[in-house]
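Notes follow the structure.
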Amino acid sequence: MKKYVRDVCGYIYDPEKCDPANGAPPGTKWEDVPADWVCPDCGVGKDQFSPAED
């Protein structure tokens, strides 16, 4: 599964770890992350993330 990164703060959304405290349990693919999810580091929405380069 692909990782996504917030270029400004550097937070990486990793589907294997996810963000269970904010509604994205481990194994949640990016497209299945709730629409109202925000970056736990800087508070921006999913639209501010880019696919991470492997």
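In the structure tokens, chains take the letters A, B, ... in the order shown, each chain's residues start at 1, and ligands count up from 1 in the order shown.
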
* Pick out the residues sitting within 10 Å of Asp7 of chain A, and hand them over as a list in words; count only C-alpha atoms, and ignore anything fewer than 4 positions along from it in its own chain. =>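 The residues that qualify are Tyr11, Ile12, Gln48, Phe49, Ser50, Pro51 and Ala52 of chain A.
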
Written selection (N, CA and C atoms) as a JSON list (two decimals), in the first residue's frame:
[["chain", "number", "residue", "atom", "x", "y", "z"],
["A", 11, "TYR", "N", 4.80, 14.85, 7.94],
["A", 11, "TYR", "CA", 4.07, 13.68, 8.44],
["A", 11, "TYR", "C", 3.85, 12.70, 7.29],
["A", 12, "ILE", "N", 4.10, 11.43, 7.54],
["A", 12, "ILE", "CA", 3.89, 10.39, 6.54],
["A", 12, "ILE", "C", 2.75, 9.49, 6.99],
["A", 48, "GLN", "N", -4.14, 18.00, 1.09],
["A", 48, "GLN", "CA", -2.83, 18.65, 1.19],
["A", 48, "GLN", "C", -1.69, 17.63, 1.24],
["A", 49, "PHE", "N", -1.96, 16.36, 0.94],
["A", 49, "PHE", "CA", -0.96, 15.31, 0.96],
["A", 49, "PHE", "C", -0.61, 14.90, -0.46],
["A", 50, "SER", "N", 0.59, 14.37, -0.63],
["A", 50, "SER", "CA", 1.06, 13.88, -1.92],
["A", 50, "SER", "C", 1.54, 12.44, -1.75],
["A", 51, "PRO", "N", 1.46, 11.65, -2.84],
["A", 51, "PRO", "CA", 2.02, 10.30, -2.74],
["A", 51, "PRO", "C", 3.51, 10.36, -2.40],
["A", 52, "ALA", "N", 3.93, 9.52, -1.46],
["A", 52, "ALA", "CA", 5.35, 9.50, -1.07],
["A", 52, "ALA", "C", 6.15, 8.72, -2.10]]

* Spatial neighbours of Asp32 of chain A, 12 Å, only C-alpha atoms, chain gap at least 3 places, as a VMD selection string -> chain A and resid 1 15 18 23 to 29 35 to 37 46

What's around Glu53 of chain A at 9 Å? Count only C-alpha atoms, leave out sequence neighbours fewer than 5 positions away in its own chain, and write the answer as a compact mmCIF listing (two decimals) with N, CA and C atoms, in the first residue's frame.
# COMPACT_ATOMS: atom_id res chain seq x y z
N LYS A 2 0.42 2.23 -0.73
CA LYS A 2 1.18 3.47 -0.91
C LYS A 2 1.10 4.37 0.32
N LYS A 3 2.21 5.04 0.60
CA LYS A 3 2.28 6.02 1.69
C LYS A 3 2.03 7.41 1.10
N TYR A 4 1.55 8.31 1.96
CA TYR A 4 1.31 9.70 1.56
C TYR A 4 2.00 10.62 2.55
N VAL A 5 2.51 11.75 2.03
CA VAL A 5 3.29 12.65 2.87
C VAL A 5 2.74 14.07 2.79

Can you pull out every residue from chain A that DSSP, working from the backbone, puts in helix (DSSP H, G or I), and format the result as a tab-separated table (two decimals) with C-alpha atoms, in the first residue's frame?
chain	number	residue	atom	x	y	z
A	20	PRO	CA	-6.08	4.87	14.94
A	21	ALA	CA	-6.59	7.73	17.39
A	22	ASN	CA	-8.24	9.70	14.59
A	30	TRP	CA	-5.50	6.16	1.82
A	31	GLU	CA	-8.67	6.16	-0.25
A	32	ASP	CA	-10.55	4.66	2.72
A	46	LYS	CA	-6.22	14.86	2.95
A	47	ASP	CA	-6.15	17.20	-0.06
A	48	GLN	CA	-2.83	18.65	1.19

* If you run DSSP over the backbone, which residues in chain A end up strand (DSSP E)? Put them as a list in words. =>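 Matching residues for strand (DSSP E) in chain A are Tyr4, Val5, Ile12, Tyr13, Ser50 and Pro51 of chain A.
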
Selection above as a file: all heavy atoms, as a PDB file, in the first residue's frame:
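Saved file again18.pdb follows:
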ATOM      1  N   TYR A   4       1.552   8.312   1.959  1.00  0.00           N
ATOM      2  CA  TYR A   4       1.311   9.698   1.560  1.00  0.00           C
ATOM      3  C   TYR A   4       2.004  10.617   2.547  1.00  0.00           C
ATOM      4  O   TYR A   4       2.093  10.308   3.728  1.00  0.00           O
ATOM      5  CB  TYR A   4      -0.195   9.995   1.509  1.00  0.00           C
ATOM      6  CG  TYR A   4      -0.834   9.383   0.290  1.00  0.00           C
ATOM      7  CD1 TYR A   4      -1.142   8.031   0.253  1.00  0.00           C
ATOM      8  CD2 TYR A   4      -1.087  10.138  -0.840  1.00  0.00           C
ATOM      9  CE1 TYR A   4      -1.688   7.453  -0.881  1.00  0.00           C
ATOM     10  CE2 TYR A   4      -1.637   9.573  -1.971  1.00  0.00           C
ATOM     11  CZ  TYR A   4      -1.939   8.229  -1.986  1.00  0.00           C
ATOM     12  OH  TYR A   4      -2.472   7.664  -3.107  1.00  0.00           O
ATOM     13  N   VAL A   5       2.508  11.746   2.027  1.00  0.00           N
ATOM     14  CA  VAL A   5       3.291  12.653   2.865  1.00  0.00           C
ATOM     15  C   VAL A   5       2.737  14.073   2.792  1.00  0.00           C
ATOM     16  O   VAL A   5       2.267  14.517   1.751  1.00  0.00           O
ATOM     17  CB  VAL A   5       4.789  12.620   2.459  1.00  0.00           C
ATOM     18  CG1 VAL A   5       4.998  13.143   1.053  1.00  0.00           C
ATOM     19  CG2 VAL A   5       5.637  13.383   3.439  1.00  0.00           C
ATOM     20  N   ILE A  12       4.098  11.429   7.544  1.00  0.00           N
ATOM     21  CA  ILE A  12       3.893  10.387   6.539  1.00  0.00           C
ATOM     22  C   ILE A  12       2.748   9.495   6.988  1.00  0.00           C
ATOM     23  O   ILE A  12       2.783   8.923   8.082  1.00  0.00           O
ATOM     24  CB  ILE A  12       5.164   9.549   6.327  1.00  0.00           C
ATOM     25  CG1 ILE A  12       6.284  10.436   5.784  1.00  0.00           C
ATOM     26  CG2 ILE A  12       4.886   8.381   5.384  1.00  0.00           C
ATOM     27  CD1 ILE A  12       7.623   9.754   5.666  1.00  0.00           C
ATOM     28  N   TYR A  13       1.726   9.384   6.138  1.00  0.00           N
ATOM     29  CA  TYR A  13       0.628   8.467   6.399  1.00  0.00           C
ATOM     30  C   TYR A  13       1.046   7.107   5.864  1.00  0.00           C
ATOM     31  O   TYR A  13       1.222   6.921   4.660  1.00  0.00           O
ATOM     32  CB  TYR A  13      -0.663   8.923   5.720  1.00  0.00           C
ATOM     33  CG  TYR A  13      -1.782   7.949   5.984  1.00  0.00           C
ATOM     34  CD1 TYR A  13      -2.519   8.027   7.155  1.00  0.00           C
ATOM     35  CD2 TYR A  13      -2.066   6.923   5.098  1.00  0.00           C
ATOM     36  CE1 TYR A  13      -3.514   7.107   7.434  1.00  0.00           C
ATOM     37  CE2 TYR A  13      -3.052   6.004   5.363  1.00  0.00           C
ATOM     38  CZ  TYR A  13      -3.774   6.105   6.535  1.00  0.00           C
ATOM     39  OH  TYR A  13      -4.748   5.189   6.806  1.00  0.00           O
ATOM     40  N   SER A  50       0.585  14.371  -0.627  1.00  0.00           N
ATOM     41  CA  SER A  50       1.064  13.879  -1.919  1.00  0.00           C
ATOM     42  C   SER A  50       1.545  12.445  -1.748  1.00  0.00           C
ATOM     43  O   SER A  50       1.997  12.066  -0.672  1.00  0.00           O
ATOM     44  CB  SER A  50       2.262  14.712  -2.395  1.00  0.00           C
ATOM     45  OG  SER A  50       1.941  16.064  -2.471  1.00  0.00           O
ATOM     46  N   PRO A  51       1.460  11.653  -2.836  1.00  0.00           N
ATOM     47  CA  PRO A  51       2.020  10.298  -2.736  1.00  0.00           C
ATOM     48  C   PRO A  51       3.507  10.364  -2.396  1.00  0.00           C
ATOM     49  O   PRO A  51       4.238  11.193  -2.945  1.00  0.00           O
ATOM     50  CB  PRO A  51       1.820   9.726  -4.143  1.00  0.00           C
ATOM     51  CG  PRO A  51       0.713  10.550  -4.722  1.00  0.00           C
ATOM     52  CD  PRO A  51       0.866  11.913  -4.122  1.00  0.00           C
TER      53      PRO A  51
END
